[in-house]
$ cat model_10.pdb   # PDB, C-alpha atoms, pLDDT in the B column
ATOM      1  CA  MET A   1      15.932 -55.666 -44.104  1.00 55.00           C
ATOM      2  CA  LYS A   2      15.284 -52.053 -43.101  1.00 49.00           C
ATOM      3  CA  LYS A   3      13.292 -51.473 -46.296  1.00 48.00           C
ATOM      4  CA  ILE A   4      11.104 -54.508 -45.607  1.00 47.00           C
ATOM      5  CA  LEU A   5      10.482 -53.387 -42.027  1.00 43.00           C
ATOM      6  CA  LEU A   6       9.655 -49.870 -43.208  1.00 43.00           C
ATOM      7  CA  ALA A   7       7.263 -51.267 -45.821  1.00 42.00           C
ATOM      8  CA  LEU A   8       5.516 -53.366 -43.170  1.00 40.00           C
ATOM      9  CA  VAL A   9       5.147 -50.333 -40.896  1.00 39.00           C
ATOM     10  CA  VAL A  10       3.665 -48.280 -43.762  1.00 38.00           C
ATOM     11  CA  ILE A  11       1.231 -51.075 -44.653  1.00 43.00           C
ATOM     12  CA  ALA A  12       0.197 -51.491 -41.009  1.00 41.00           C
ATOM     13  CA  ALA A  13      -0.402 -47.746 -40.698  1.00 42.00           C
ATOM     14  CA  ALA A  14      -2.485 -47.685 -43.891  1.00 42.00           C
ATOM     15  CA  VAL A  15      -4.572 -50.624 -42.708  1.00 40.00           C
ATOM     16  CA  GLY A  16      -5.053 -48.914 -39.338  1.00 45.00           C
ATOM     17  CA  VAL A  17      -6.266 -45.688 -40.937  1.00 42.00           C
ATOM     18  CA  ALA A  18      -8.554 -47.612 -43.279  1.00 40.00           C
ATOM     19  CA  ALA A  19     -10.018 -49.498 -40.324  1.00 39.00           C
ATOM     20  CA  TRP A  20     -10.929 -46.196 -38.692  1.00 40.00           C
ATOM     21  CA  GLN A  21     -12.924 -45.288 -41.783  1.00 46.00           C
ATOM     22  CA  ILE A  22     -14.845 -48.528 -42.038  1.00 41.00           C
ATOM     23  CA  PRO A  23     -18.445 -48.230 -40.867  1.00 48.00           C
ATOM     24  CA  SER A  24     -18.675 -49.134 -37.221  1.00 47.00           C
ATOM     25  CA  SER A  25     -21.382 -51.352 -35.847  1.00 56.00           C
ATOM     26  CA  ALA A  26     -24.290 -49.414 -34.405  1.00 62.00           C
ATOM     27  CA  LYS A  27     -22.685 -48.103 -31.238  1.00 91.00           C
ATOM     28  CA  SER A  28     -24.435 -45.349 -29.332  1.00 94.00           C
ATOM     29  CA  ALA A  29     -22.631 -42.041 -29.199  1.00 96.00           C
ATOM     30  CA  PRO A  30     -21.432 -41.301 -25.661  1.00 97.00           C
ATOM     31  CA  ASP A  31     -23.608 -39.129 -23.466  1.00 95.00           C
ATOM     32  CA  VAL A  32     -21.673 -35.862 -23.208  1.00 97.00           C
ATOM     33  CA  THR A  33     -22.449 -32.199 -22.723  1.00 97.00           C
ATOM     34  CA  PHE A  34     -21.067 -29.751 -25.250  1.00 97.00           C
ATOM     35  CA  THR A  35     -20.661 -26.084 -24.277  1.00 96.00           C
ATOM     36  CA  THR A  36     -20.310 -23.820 -27.300  1.00 97.00           C
ATOM     37  CA  LEU A  37     -18.168 -20.692 -27.494  1.00 96.00           C
ATOM     38  CA  GLU A  38     -21.391 -18.732 -26.932  1.00 95.00           C
ATOM     39  CA  GLY A  39     -22.114 -20.667 -23.726  1.00 95.00           C
ATOM     40  CA  GLU A  40     -24.964 -22.775 -25.156  1.00 96.00           C
ATOM     41  CA  GLN A  41     -25.090 -26.248 -23.653  1.00 97.00           C
ATOM     42  CA  LEU A  42     -26.389 -29.293 -25.473  1.00 95.00           C
ATOM     43  CA  THR A  43     -26.085 -32.997 -24.907  1.00 96.00           C
ATOM     44  CA  THR A  44     -25.716 -35.888 -27.280  1.00 94.00           C
ATOM     45  CA  SER A  45     -29.345 -36.797 -26.633  1.00 94.00           C
ATOM     46  CA  ASP A  46     -30.407 -33.258 -27.642  1.00 95.00           C
ATOM     47  CA  LEU A  47     -29.070 -34.071 -31.109  1.00 95.00           C
ATOM     48  CA  ARG A  48     -31.390 -37.016 -31.709  1.00 96.00           C
ATOM     49  CA  GLY A  49     -33.410 -36.619 -34.863  1.00 97.00           C
ATOM     50  CA  LYS A  50     -30.446 -35.062 -36.695  1.00 98.00           C
ATOM     51  CA  VAL A  51     -27.460 -36.503 -38.503  1.00 98.00           C
ATOM     52  CA  VAL A  52     -24.464 -34.955 -36.747  1.00 98.00           C
ATOM     53  CA  LEU A  53     -20.769 -34.768 -37.505  1.00 98.00           C
ATOM     54  CA  VAL A  54     -18.769 -34.442 -34.275  1.00 98.00           C
ATOM     55  CA  LYS A  55     -15.348 -33.311 -35.446  1.00 98.00           C
ATOM     56  CA  PHE A  56     -12.309 -33.201 -33.172  1.00 98.00           C
ATOM     57  CA  TRP A  57      -9.837 -30.636 -34.476  1.00 98.00           C
ATOM     58  CA  ALA A  58      -7.179 -28.108 -33.516  1.00 98.00           C
ATOM     59  CA  THR A  59      -6.157 -24.734 -34.851  1.00 98.00           C
ATOM     60  CA  SER A  60      -2.585 -26.087 -35.133  1.00 97.00           C
ATOM     61  CA  CYS A  61      -3.693 -29.065 -37.272  1.00 97.00           C
ATOM     62  CA  VAL A  62      -2.943 -28.358 -40.949  1.00 97.00           C
ATOM     63  CA  THR A  63      -5.371 -31.025 -42.190  1.00 97.00           C
ATOM     64  CA  CYS A  64      -8.131 -29.728 -39.884  1.00 97.00           C
ATOM     65  CA  VAL A  65      -7.721 -26.194 -41.183  1.00 97.00           C
ATOM     66  CA  ALA A  66      -7.662 -27.455 -44.786  1.00 97.00           C
ATOM     67  CA  GLN A  67     -10.923 -29.380 -44.217  1.00 97.00           C
ATOM     68  CA  MET A  68     -12.857 -26.453 -42.702  1.00 97.00           C
ATOM     69  CA  PRO A  69     -14.063 -24.981 -46.024  1.00 97.00           C
ATOM     70  CA  ASP A  70     -15.611 -28.380 -46.891  1.00 97.00           C
ATOM     71  CA  ASN A  71     -17.117 -28.635 -43.404  1.00 98.00           C
ATOM     72  CA  ILE A  72     -18.697 -25.207 -43.887  1.00 98.00           C
ATOM     73  CA  GLU A  73     -19.950 -26.111 -47.371  1.00 98.00           C
ATOM     74  CA  HIS A  74     -21.459 -29.423 -46.221  1.00 98.00           C
ATOM     75  CA  TYR A  75     -23.119 -27.819 -43.210  1.00 98.00           C
ATOM     76  CA  ASN A  76     -24.632 -24.991 -45.265  1.00 98.00           C
ATOM     77  CA  ALA A  77     -25.832 -27.371 -47.998  1.00 98.00           C
ATOM     78  CA  LEU A  78     -27.369 -29.942 -45.640  1.00 98.00           C
ATOM     79  CA  LYS A  79     -28.499 -28.134 -42.475  1.00 98.00           C
ATOM     80  CA  ASP A  80     -32.051 -27.661 -43.770  1.00 98.00           C
ATOM     81  CA  ARG A  81     -32.309 -31.448 -44.240  1.00 98.00           C
ATOM     82  CA  GLY A  82     -31.427 -32.166 -40.589  1.00 98.00           C
ATOM     83  CA  TYR A  83     -27.612 -32.219 -40.700  1.00 98.00           C
ATOM     84  CA  ASP A  84     -25.510 -30.560 -38.009  1.00 98.00           C
ATOM     85  CA  THR A  85     -21.842 -30.188 -37.181  1.00 98.00           C
ATOM     86  CA  ILE A  86     -20.150 -29.756 -33.830  1.00 98.00           C
ATOM     87  CA  ALA A  87     -16.475 -28.805 -34.051  1.00 98.00           C
ATOM     88  CA  VAL A  88     -14.757 -29.890 -30.836  1.00 98.00           C
ATOM     89  CA  ALA A  89     -11.404 -28.169 -30.314  1.00 98.00           C
ATOM     90  CA  MET A  90      -8.887 -30.298 -28.456  1.00 98.00           C
ATOM     91  CA  GLN A  91      -7.952 -29.678 -24.831  1.00 97.00           C
ATOM     92  CA  TYR A  92      -4.493 -28.340 -25.723  1.00 97.00           C
ATOM     93  CA  ASP A  93      -5.875 -25.724 -28.133  1.00 97.00           C
ATOM     94  CA  PRO A  94      -5.878 -22.256 -26.501  1.00 97.00           C
ATOM     95  CA  PRO A  95      -9.507 -21.051 -26.257  1.00 96.00           C
ATOM     96  CA  ASN A  96      -8.615 -17.602 -27.622  1.00 97.00           C
ATOM     97  CA  TYR A  97      -7.094 -19.266 -30.742  1.00 98.00           C
ATOM     98  CA  VAL A  98     -10.266 -21.313 -31.218  1.00 98.00           C
ATOM     99  CA  LYS A  99     -12.497 -18.272 -30.781  1.00 98.00           C
ATOM    100  CA  ASN A 100     -10.379 -16.206 -33.211  1.00 98.00           C
ATOM    101  CA  PHE A 101     -10.414 -19.032 -35.767  1.00 98.00           C
ATOM    102  CA  ALA A 102     -14.183 -19.491 -35.503  1.00 98.00           C
ATOM    103  CA  GLU A 103     -14.829 -15.764 -35.855  1.00 97.00           C
ATOM    104  CA  SER A 104     -12.317 -15.056 -38.622  1.00 97.00           C
ATOM    105  CA  ARG A 105     -13.514 -18.047 -40.691  1.00 96.00           C
ATOM    106  CA  GLU A 106     -17.163 -17.330 -39.839  1.00 97.00           C
ATOM    107  CA  LEU A 107     -17.815 -20.946 -38.865  1.00 98.00           C
ATOM    108  CA  PRO A 108     -21.601 -21.359 -39.150  1.00 98.00           C
ATOM    109  CA  PHE A 109     -21.827 -24.445 -36.910  1.00 98.00           C
ATOM    110  CA  LYS A 110     -21.356 -24.993 -33.194  1.00 98.00           C
ATOM    111  CA  VAL A 111     -17.781 -24.745 -31.920  1.00 98.00           C
ATOM    112  CA  VAL A 112     -16.801 -26.256 -28.584  1.00 98.00           C
ATOM    113  CA  VAL A 113     -13.557 -26.187 -26.597  1.00 97.00           C
ATOM    114  CA  ASP A 114     -12.968 -29.497 -24.807  1.00 97.00           C
ATOM    115  CA  ALA A 115     -11.176 -27.740 -21.918  1.00 95.00           C
ATOM    116  CA  THR A 116     -11.018 -30.819 -19.677  1.00 96.00           C
ATOM    117  CA  GLY A 117     -10.555 -33.456 -22.371  1.00 97.00           C
ATOM    118  CA  ASP A 118     -13.700 -35.241 -21.151  1.00 97.00           C
ATOM    119  CA  ILE A 119     -15.407 -35.195 -24.546  1.00 98.00           C
ATOM    120  CA  ALA A 120     -12.362 -36.671 -26.322  1.00 98.00           C
ATOM    121  CA  ARG A 121     -12.091 -39.388 -23.635  1.00 98.00           C
ATOM    122  CA  ALA A 122     -15.799 -40.219 -23.955  1.00 97.00           C
ATOM    123  CA  PHE A 123     -15.402 -40.708 -27.716  1.00 98.00           C
ATOM    124  CA  GLY A 124     -12.696 -43.345 -27.238  1.00 96.00           C
ATOM    125  CA  ASP A 125      -9.815 -41.196 -26.003  1.00 97.00           C
ATOM    126  CA  VAL A 126      -9.382 -39.204 -29.217  1.00 98.00           C
ATOM    127  CA  ARG A 127      -5.823 -37.916 -29.504  1.00 96.00           C
ATOM    128  CA  LEU A 128      -5.278 -37.499 -33.238  1.00 96.00           C
ATOM    129  CA  THR A 129      -6.789 -34.710 -35.307  1.00 97.00           C
ATOM    130  CA  PRO A 130      -8.826 -34.555 -37.338  1.00 98.00           C
ATOM    131  CA  THR A 131     -10.984 -37.346 -35.997  1.00 98.00           C
ATOM    132  CA  ALA A 132     -14.700 -37.204 -36.738  1.00 98.00           C
ATOM    133  CA  PHE A 133     -17.735 -39.282 -35.873  1.00 98.00           C
ATOM    134  CA  LEU A 134     -20.896 -39.330 -37.965  1.00 98.00           C
ATOM    135  CA  ILE A 135     -23.923 -39.920 -35.768  1.00 98.00           C
ATOM    136  CA  ASP A 136     -27.314 -40.968 -37.139  1.00 98.00           C
ATOM    137  CA  LYS A 137     -30.758 -39.701 -36.135  1.00 97.00           C
ATOM    138  CA  GLN A 138     -31.045 -42.403 -33.455  1.00 97.00           C
ATOM    139  CA  GLY A 139     -27.791 -41.342 -31.778  1.00 97.00           C
ATOM    140  CA  ASN A 140     -25.626 -44.173 -33.133  1.00 97.00           C
ATOM    141  CA  ILE A 141     -22.117 -43.701 -34.474  1.00 97.00           C
ATOM    142  CA  ILE A 142     -22.340 -44.898 -38.063  1.00 97.00           C
ATOM    143  CA  ARG A 143     -18.888 -43.897 -39.267  1.00 97.00           C
ATOM    144  CA  ARG A 144     -15.507 -42.766 -37.916  1.00 97.00           C
ATOM    145  CA  TYR A 145     -13.077 -40.686 -39.925  1.00 97.00           C
ATOM    146  CA  LEU A 146      -9.394 -40.152 -39.175  1.00 97.00           C
ATOM    147  CA  GLY A 147      -7.424 -37.688 -41.270  1.00 96.00           C
ATOM    148  CA  ASN A 148      -8.500 -37.041 -44.832  1.00 95.00           C
ATOM    149  CA  TYR A 149     -11.485 -38.859 -46.272  1.00 93.00           C
ATOM    150  CA  ASP A 150     -13.224 -39.308 -49.587  1.00 95.00           C
ATOM    151  CA  LYS A 151     -15.716 -36.434 -49.922  1.00 95.00           C
ATOM    152  CA  ALA A 152     -18.069 -38.228 -52.321  1.00 96.00           C
ATOM    153  CA  SER A 153     -18.255 -41.255 -50.030  1.00 96.00           C
ATOM    154  CA  PHE A 154     -18.811 -39.002 -47.006  1.00 97.00           C
ATOM    155  CA  LEU A 155     -21.664 -37.135 -48.712  1.00 97.00           C
ATOM    156  CA  ALA A 156     -23.244 -40.412 -49.865  1.00 97.00           C
ATOM    157  CA  THR A 157     -23.147 -41.713 -46.285  1.00 97.00           C
ATOM    158  CA  VAL A 158     -24.683 -38.477 -44.956  1.00 98.00           C
ATOM    159  CA  ASP A 159     -27.356 -38.490 -47.673  1.00 97.00           C
ATOM    160  CA  LYS A 160     -28.312 -42.085 -46.845  1.00 97.00           C
ATOM    161  CA  ALA A 161     -28.455 -41.267 -43.124  1.00 97.00           C
ATOM    162  CA  LEU A 162     -30.653 -38.234 -43.767  1.00 97.00           C
ATOM    163  CA  GLY A 163     -32.902 -40.550 -45.821  1.00 93.00           C
TER     164      GLY A 163
END
$ encode --input "model_10.pdb" --output "structure tokens"
Amino acid sequence: MKKILLALVVIAAAVGVAAWQIPSSAKSAPDVTFTTLEGEQLTTSDLRGKVVLVKFWATSCVTCVAQMPDNIEHYNALKDRGYDTIAVAMQYDPPNYVKNFAESRELPFKVVVDATGDIARAFGDVRLTPTAFLIDKQGNIIRRYLGNYDKASFLATVDKALG
């Protein structure tokens, strides 16, 4: 009986994660203000005209750290076509850790500390990392990603959005 219950829990979790990676209906990204480590402020509406990955992460998240080289590679390869990345560090992440990580890894994209948790709440109360939202040129969320994702599928979705 315990094995059956465990199997059902595992299946339910897998379905839940898969559902987070299914394309969402065209829902507008929330109107938030991002403040980068350098003090630059930009809003969601400032990003219109670009395809943007808003990635919620933490320096203590093993998967987040493992994904950063790909995030850097994708940003560098696609930025000239209108692609951008905003890495939003979670509220619990110490700002000095985030700053050290960004500097030591030479992150080429915008890095934000969500000090109040307002950005995570606006994006549906994000609590798990990594969670990412792909936003199209019109400001609509076209895809949500939770945890690891298929890189080829991600790049195909970005390429189509960049059109």
$ resolve_selection --input "model_10.pdb" --expression "the PyMOL selection byres ((chain A and resi 139) around 7)" --output "number ranges by chain"
A: 28-29, 48, 135-138, 140-141
$ resolve_selection --input "model_10.pdb" --expression "the PyMOL selection byres ((chain A and resi 158-160) around 10)" --output "CSV table (one decimal) with C-alpha atoms, in the frame of the given file"
chain,number,residue,atom,x,y,z
A,51,VAL,CA,-27.5,-36.5,-38.5
A,52,VAL,CA,-24.5,-35.0,-36.7
A,53,LEU,CA,-20.8,-34.8,-37.5
A,74,HIS,CA,-21.5,-29.4,-46.2
A,78,LEU,CA,-27.4,-29.9,-45.6
A,81,ARG,CA,-32.3,-31.4,-44.2
A,83,TYR,CA,-27.6,-32.2,-40.7
A,134,LEU,CA,-20.9,-39.3,-38.0
A,135,ILE,CA,-23.9,-39.9,-35.8
A,136,ASP,CA,-27.3,-41.0,-37.1
A,142,ILE,CA,-22.3,-44.9,-38.1
A,143,ARG,CA,-18.9,-43.9,-39.3
A,152,ALA,CA,-18.1,-38.2,-52.3
A,153,SER,CA,-18.3,-41.3,-50.0
A,154,PHE,CA,-18.8,-39.0,-47.0
A,155,LEU,CA,-21.7,-37.1,-48.7
A,156,ALA,CA,-23.2,-40.4,-49.9
A,157,THR,CA,-23.1,-41.7,-46.3
A,161,ALA,CA,-28.5,-41.3,-43.1
A,162,LEU,CA,-30.7,-38.2,-43.8
A,163,GLY,CA,-32.9,-40.6,-45.8
$ closest_atom_pairs --input "model_10.pdb" --of "stretch 23-100 of chain A" --to "stretch 113-124 of chain A" --cutoff "8 Å" --atoms "all atoms listed in the file" --output "JSON lines"
{"residue": "A:Ala29", "atom": "CA", "partner": "A:Phe123", "partner_atom": "CA", "distance": 7.5}
{"residue": "A:Pro30", "atom": "CA", "partner": "A:Ala122", "partner_atom": "CA", "distance": 6.0}
{"residue": "A:Asp31", "atom": "CA", "partner": "A:Ala122", "partner_atom": "CA", "distance": 7.9}
{"residue": "A:Val32", "atom": "CA", "partner": "A:Ile119", "partner_atom": "CA", "distance": 6.4}
{"residue": "A:Thr33", "atom": "CA", "partner": "A:Ile119", "partner_atom": "CA", "distance": 7.9}
{"residue": "A:Phe34", "atom": "CA", "partner": "A:Ile119", "partner_atom": "CA", "distance": 7.9}
{"residue": "A:Thr35", "atom": "CA", "partner": "A:Val113", "partner_atom": "CA", "distance": 7.5}
{"residue": "A:Thr36", "atom": "CA", "partner": "A:Val113", "partner_atom": "CA", "distance": 7.2}
{"residue": "A:Leu37", "atom": "CA", "partner": "A:Val113", "partner_atom": "CA", "distance": 7.2}
{"residue": "A:Phe56", "atom": "CA", "partner": "A:Ala120", "partner_atom": "CA", "distance": 7.7}
{"residue": "A:Val88", "atom": "CA", "partner": "A:Val113", "partner_atom": "CA", "distance": 5.8}
{"residue": "A:Ala89", "atom": "CA", "partner": "A:Val113", "partner_atom": "CA", "distance": 4.7}
{"residue": "A:Met90", "atom": "CA", "partner": "A:Asp114", "partner_atom": "CA", "distance": 5.5}
{"residue": "A:Gln91", "atom": "CA", "partner": "A:Ala115", "partner_atom": "CA", "distance": 4.8}
{"residue": "A:Tyr92", "atom": "CA", "partner": "A:Ala115", "partner_atom": "CA", "distance": 7.7}
{"residue": "A:Asp93", "atom": "CA", "partner": "A:Val113", "partner_atom": "CA", "distance": 7.8}
{"residue": "A:Pro95", "atom": "CA", "partner": "A:Val113", "partner_atom": "CA", "distance": 6.5}
{"residue": "A:Val98", "atom": "CA", "partner": "A:Val113", "partner_atom": "CA", "distance": 7.5}
$ axis_aligned_box --input "model_10.pdb" --around "stretch 135-149 of chain A" --padding-each-side "6 Å" --output "AutoDock Vina command-line options"
--center_x -19.2 --center_y -41.0 --center_z -39.0 --size_x 35.6 --size_y 19.9 --size_z 26.5
$ closest_residue --input "model_10.pdb" --among "A:Lys151, A:Ala87, A:Phe133, A:Glu103" --to "A:Cys64" --atoms "all atoms listed in the file"
A:Ala87
$ atom_distance --input "model_10.pdb" --atom1 "atom CA of A:Gly49" --atom2 "atom CA of A:Gly82"
7.5 Å
$ atom_distance --input "model_10.pdb" --atom1 "atom CA of A:Pro69" --atom2 "atom CA of A:Val126"
22.5 Å
